[in-house]
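A.B. asks: Got a structure for you, questions after.
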Amino acid sequence: MSMTFRHPTASLIVVGKPLRIGVLAFQGDVREHIVVLERLGAEVIKVRRPEELGSVDGLVIPGGESSVMDKLVRLFGLYEPLKAAIAAGLPVFGTCAGLIMLSRTVLDAMDDQKTLGGLDVDVRRNAFGTQVDSFETNLSIPEITSGKISATFIRAPIVERVGPDVKVLARLEDGRIVAVEQGNLLGISFHPEVNGDTRVHEYFLGRVATSLQPQES
Amino acid sequence: MTEAQNSSNTGSSRVKRGLAEQLKGGVIMDVVNAEQARIAEDAGAIAVMALERVPADIRAQGGVARMSDPDLIEGIQAAVKIPVMAKARIGHFVEAQILAALNVDFIDESEVLSPADYVNHIDKWAFQIPFVCGATNLGEALRRINEGAAMIRSKGEAGTGDVSEATKHIRKINSQIRVLSSMSKDELYVAAKELQAPYELVAEVAGAGRLPVPLFTAGGVATPADAAMMLQLGADGVFVGSGIFKSGNPAARAAAIVKVAAFYDDPAVILETSRGLGEAMVGINVNDIPAPHRLADRGW
């Protein structure tokens, strides 16, 4: 399968060693993300403790139930470390529940639900309805690939507002926003990992690699 | 298959299994009313199973156990934002149609209810909504997947608080998978015959070393330690039925099992979460249940 990547620095090898990527592993489709990241050559660890977070070059927040992930993140002392890491520029990629975790505001959230923030967006949780409304479709994401990405939306969220510094990467045909980036954060509504599609993850690893380059003066 | 907007596809195998994947590492809790559903959601349940009676009460009260009242299921759907599952009787495809019309997120074709068909299970491919089915061994799991199940749960013996059957079934399924993985291609044909399962599925499991859908465990899980043991034995998540709301402090026990599901391999966390939970459900030893009353024997 040939793929065209526009990202200029989508190289997995930085200073001669594989990128070390964490997957937040309290709950959700952790295994699928690990499979994709390892296929791309990354060294993957599960992150559940602050010290594990401290050792990674980038972090993936998987799909799952955002309210449960939020509870566990706070309960096990990872909330402040995650916020601090995001503020310090750690590249983070959130899919579905992960997008919700990275958003500034969640619409239709649980009463006590908190997010990590970082993406200046409002996200509506479970925006399509119940499971019967979950679907797959082919998405254009020109920043990532000239082809189409087969995207699976599972009780998925939608981005309803984006701040001025947020770049919209993908929309459904009806215009609703399903992929955004801002600074070192990437958030998408869908699950390329359940299809085994590596392209969005490769784009993310490119961003991680870029973040590790020495700053130009 | 219906065509939805944006030339997109609903109800596909990937979409159904996709939800099952998102539930991994989570705890699915039986609830019988909206108040229990909210307690479960607050405690961090990944989904709730809406039913009229928990298995312990079905067992105690006897009689024919059927799908729950649609009003009760709707009340629970209105009370929570997490996915709502509900049970249909084995083979009762019309109960499943009702649950689908209610837009539940997942249907459990469950041996906990009285079977409606002693020969056939529901054709689960015919539904847009994913199904979970019980299994006591690999052949049974693969037959259910062949019929369209998007998740398997090892059966255990529901309503007992005795985890021994759950242990037996999850161990059995995983050990049979390990055996398949060690077989040569020509041996897999015979394995398929002996498992009474399609060769293609058998070969897929042998190659991957796991089922093509998530494997949860159920039936008798009553403590955080029980849940952690199931996860250490390779389950992707747990169903807790009677174990929570038949215990002394359901909210605390539910939250403890959720915590343990995230740190199932860390004895220090399991220790901390096992403290101060009050009385566990009293339970029944499986050996004291006469064979005709064992729910795990339902399904074929």
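FYI, nothing fancy with the structure tokens labels: chains A, B, ... in order, residues from 1 per chain, ligands from 1 as they appear.
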Taking only C-alpha atoms into account, what are the residues of chain A at most 7 Å from chain B, put as a PyMOL selection string?
C.D. replies: chain A and resi 26-29+63-65+68+130-137+152+154+173+194
A.B. asks: Would you kindly return, as JSON, numbers by chain, each protein, DNA or RNA residue with an atom no farther than 12 Å from any atom of region 89-96 of chain B, considering only C-alpha atoms and excluding same-chain residues fewer than 3 positions away?
C.D. replies: {"B": [64, 65, 66, 67, 68, 69, 70, 85, 86, 99, 100, 101, 102, 103, 104, 105, 106, 107, 108, 109, 110, 111, 112, 113, 114, 115, 116, 117, 118, 119, 120, 121, 122, 123, 124, 125, 126, 127, 128, 129, 130, 131, 132, 133, 134, 144, 147, 295, 298, 299, 300]}
A.B. asks: Suppose you want the space between CA of Asp30 (chain B) and CA of Gln97 (chain B); what is it in Å?
C.D. replies: 21.0 Å
A.B. asks: Any idea what's packed within 9 Å of Gln182 (chain A), counting only C-alpha atoms, ignoring anything in its chain fewer than 6 positions away? Could you give it as a list in words?
C.D. replies: Gly118, Leu119, Asp120, Asp165, Val166, Lys167 and Val168 of chain A
A.B. asks: Between B:Ile58, B:Ala34, B:Leu233, B:Ala191, which one has atoms that come closest to His293 (chain B), using only C-alpha atoms?
C.D. replies: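 Comparing B:Ile58, B:Ala34, B:Leu233, B:Ala191 against His293 (chain B), the winner is B:Ile58.
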A.B. asks: Mind the document's chain letters and residue numbers, and return as a list of chain:residue names the residues of region 102-239 of chain B that DSSP labels strand (DSSP E or B).
C.D. replies: B:Phe106, B:Ile107, B:Asp108, B:Glu109, B:Ser110, B:Phe131, B:Val132, B:Cys133, B:Gly134, B:Ala135, B:Met151, B:Ile152, B:Arg153, B:Ser154, B:Leu215, B:Phe216, B:Thr217, B:Val238, B:Phe239
A.B. asks: Write to file, as a short mmCIF file (atom, residue, chain, number, x, y, z; two decimals), in the first residue's frame, the residues of the selection just made, with N, CA and C atoms.
C.D. replies:
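To be explicit, this is the file written out as again_16.cif:
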data_model
loop_
_atom_site.label_atom_id
_atom_site.label_comp_id
_atom_site.auth_asym_id
_atom_site.auth_seq_id
_atom_site.Cartn_x
_atom_site.Cartn_y
_atom_site.Cartn_z
N PHE B 106 -26.36 -2.39 23.62
CA PHE B 106 -25.80 -3.74 23.51
C PHE B 106 -26.88 -4.70 23.99
N ILE B 107 -27.02 -5.84 23.32
CA ILE B 107 -27.98 -6.86 23.75
C ILE B 107 -27.21 -8.07 24.27
N ASP B 108 -27.60 -8.56 25.43
CA ASP B 108 -27.00 -9.76 26.00
C ASP B 108 -27.97 -10.92 25.78
N GLU B 109 -27.58 -11.84 24.91
CA GLU B 109 -28.38 -13.06 24.72
C GLU B 109 -27.96 -14.00 25.84
N SER B 110 -28.80 -14.04 26.89
CA SER B 110 -28.26 -14.48 28.19
C SER B 110 -28.90 -15.75 28.72
N PHE B 131 -24.21 -7.65 19.99
CA PHE B 131 -24.63 -8.64 20.99
C PHE B 131 -23.42 -9.13 21.76
N VAL B 132 -23.67 -9.45 23.04
CA VAL B 132 -22.71 -10.22 23.83
C VAL B 132 -23.40 -11.55 24.16
N CYS B 133 -22.62 -12.64 24.11
CA CYS B 133 -23.15 -13.96 24.44
C CYS B 133 -22.21 -14.65 25.42
N GLY B 134 -22.78 -15.54 26.21
CA GLY B 134 -21.98 -16.31 27.16
C GLY B 134 -21.35 -17.53 26.49
N ALA B 135 -20.26 -17.99 27.11
CA ALA B 135 -19.62 -19.22 26.63
C ALA B 135 -18.86 -19.86 27.79
N MET B 151 -19.09 -9.55 21.25
CA MET B 151 -18.36 -9.70 22.51
C MET B 151 -18.74 -11.06 23.08
N ILE B 152 -17.78 -11.70 23.74
CA ILE B 152 -18.05 -12.94 24.46
C ILE B 152 -17.80 -12.68 25.94
N ARG B 153 -18.68 -13.24 26.77
CA ARG B 153 -18.35 -13.24 28.20
C ARG B 153 -18.36 -14.69 28.66
N SER B 154 -17.29 -15.05 29.37
CA SER B 154 -17.30 -16.39 29.95
C SER B 154 -18.45 -16.40 30.95
N LEU B 215 -13.15 -10.48 25.11
CA LEU B 215 -13.58 -11.57 25.98
C LEU B 215 -13.70 -11.03 27.41
N PHE B 216 -14.91 -10.83 27.86
CA PHE B 216 -15.14 -10.41 29.24
C PHE B 216 -15.43 -11.65 30.08
N THR B 217 -15.57 -11.45 31.38
CA THR B 217 -15.92 -12.57 32.21
C THR B 217 -17.07 -12.18 33.12
N VAL B 238 -14.96 -7.06 33.12
CA VAL B 238 -15.83 -7.93 33.93
C VAL B 238 -17.27 -7.42 33.97
N PHE B 239 -18.18 -8.37 34.05
CA PHE B 239 -19.58 -8.09 34.37
C PHE B 239 -19.76 -8.42 35.85
#
A.B. asks: So the first atom is CA of Ile173 (chain B) and the second is CA of Lys185 (chain B); what is the distance between them in Å, to one decimal place?
C.D. replies: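 Computing it gives 20.0 Å between the two atoms.
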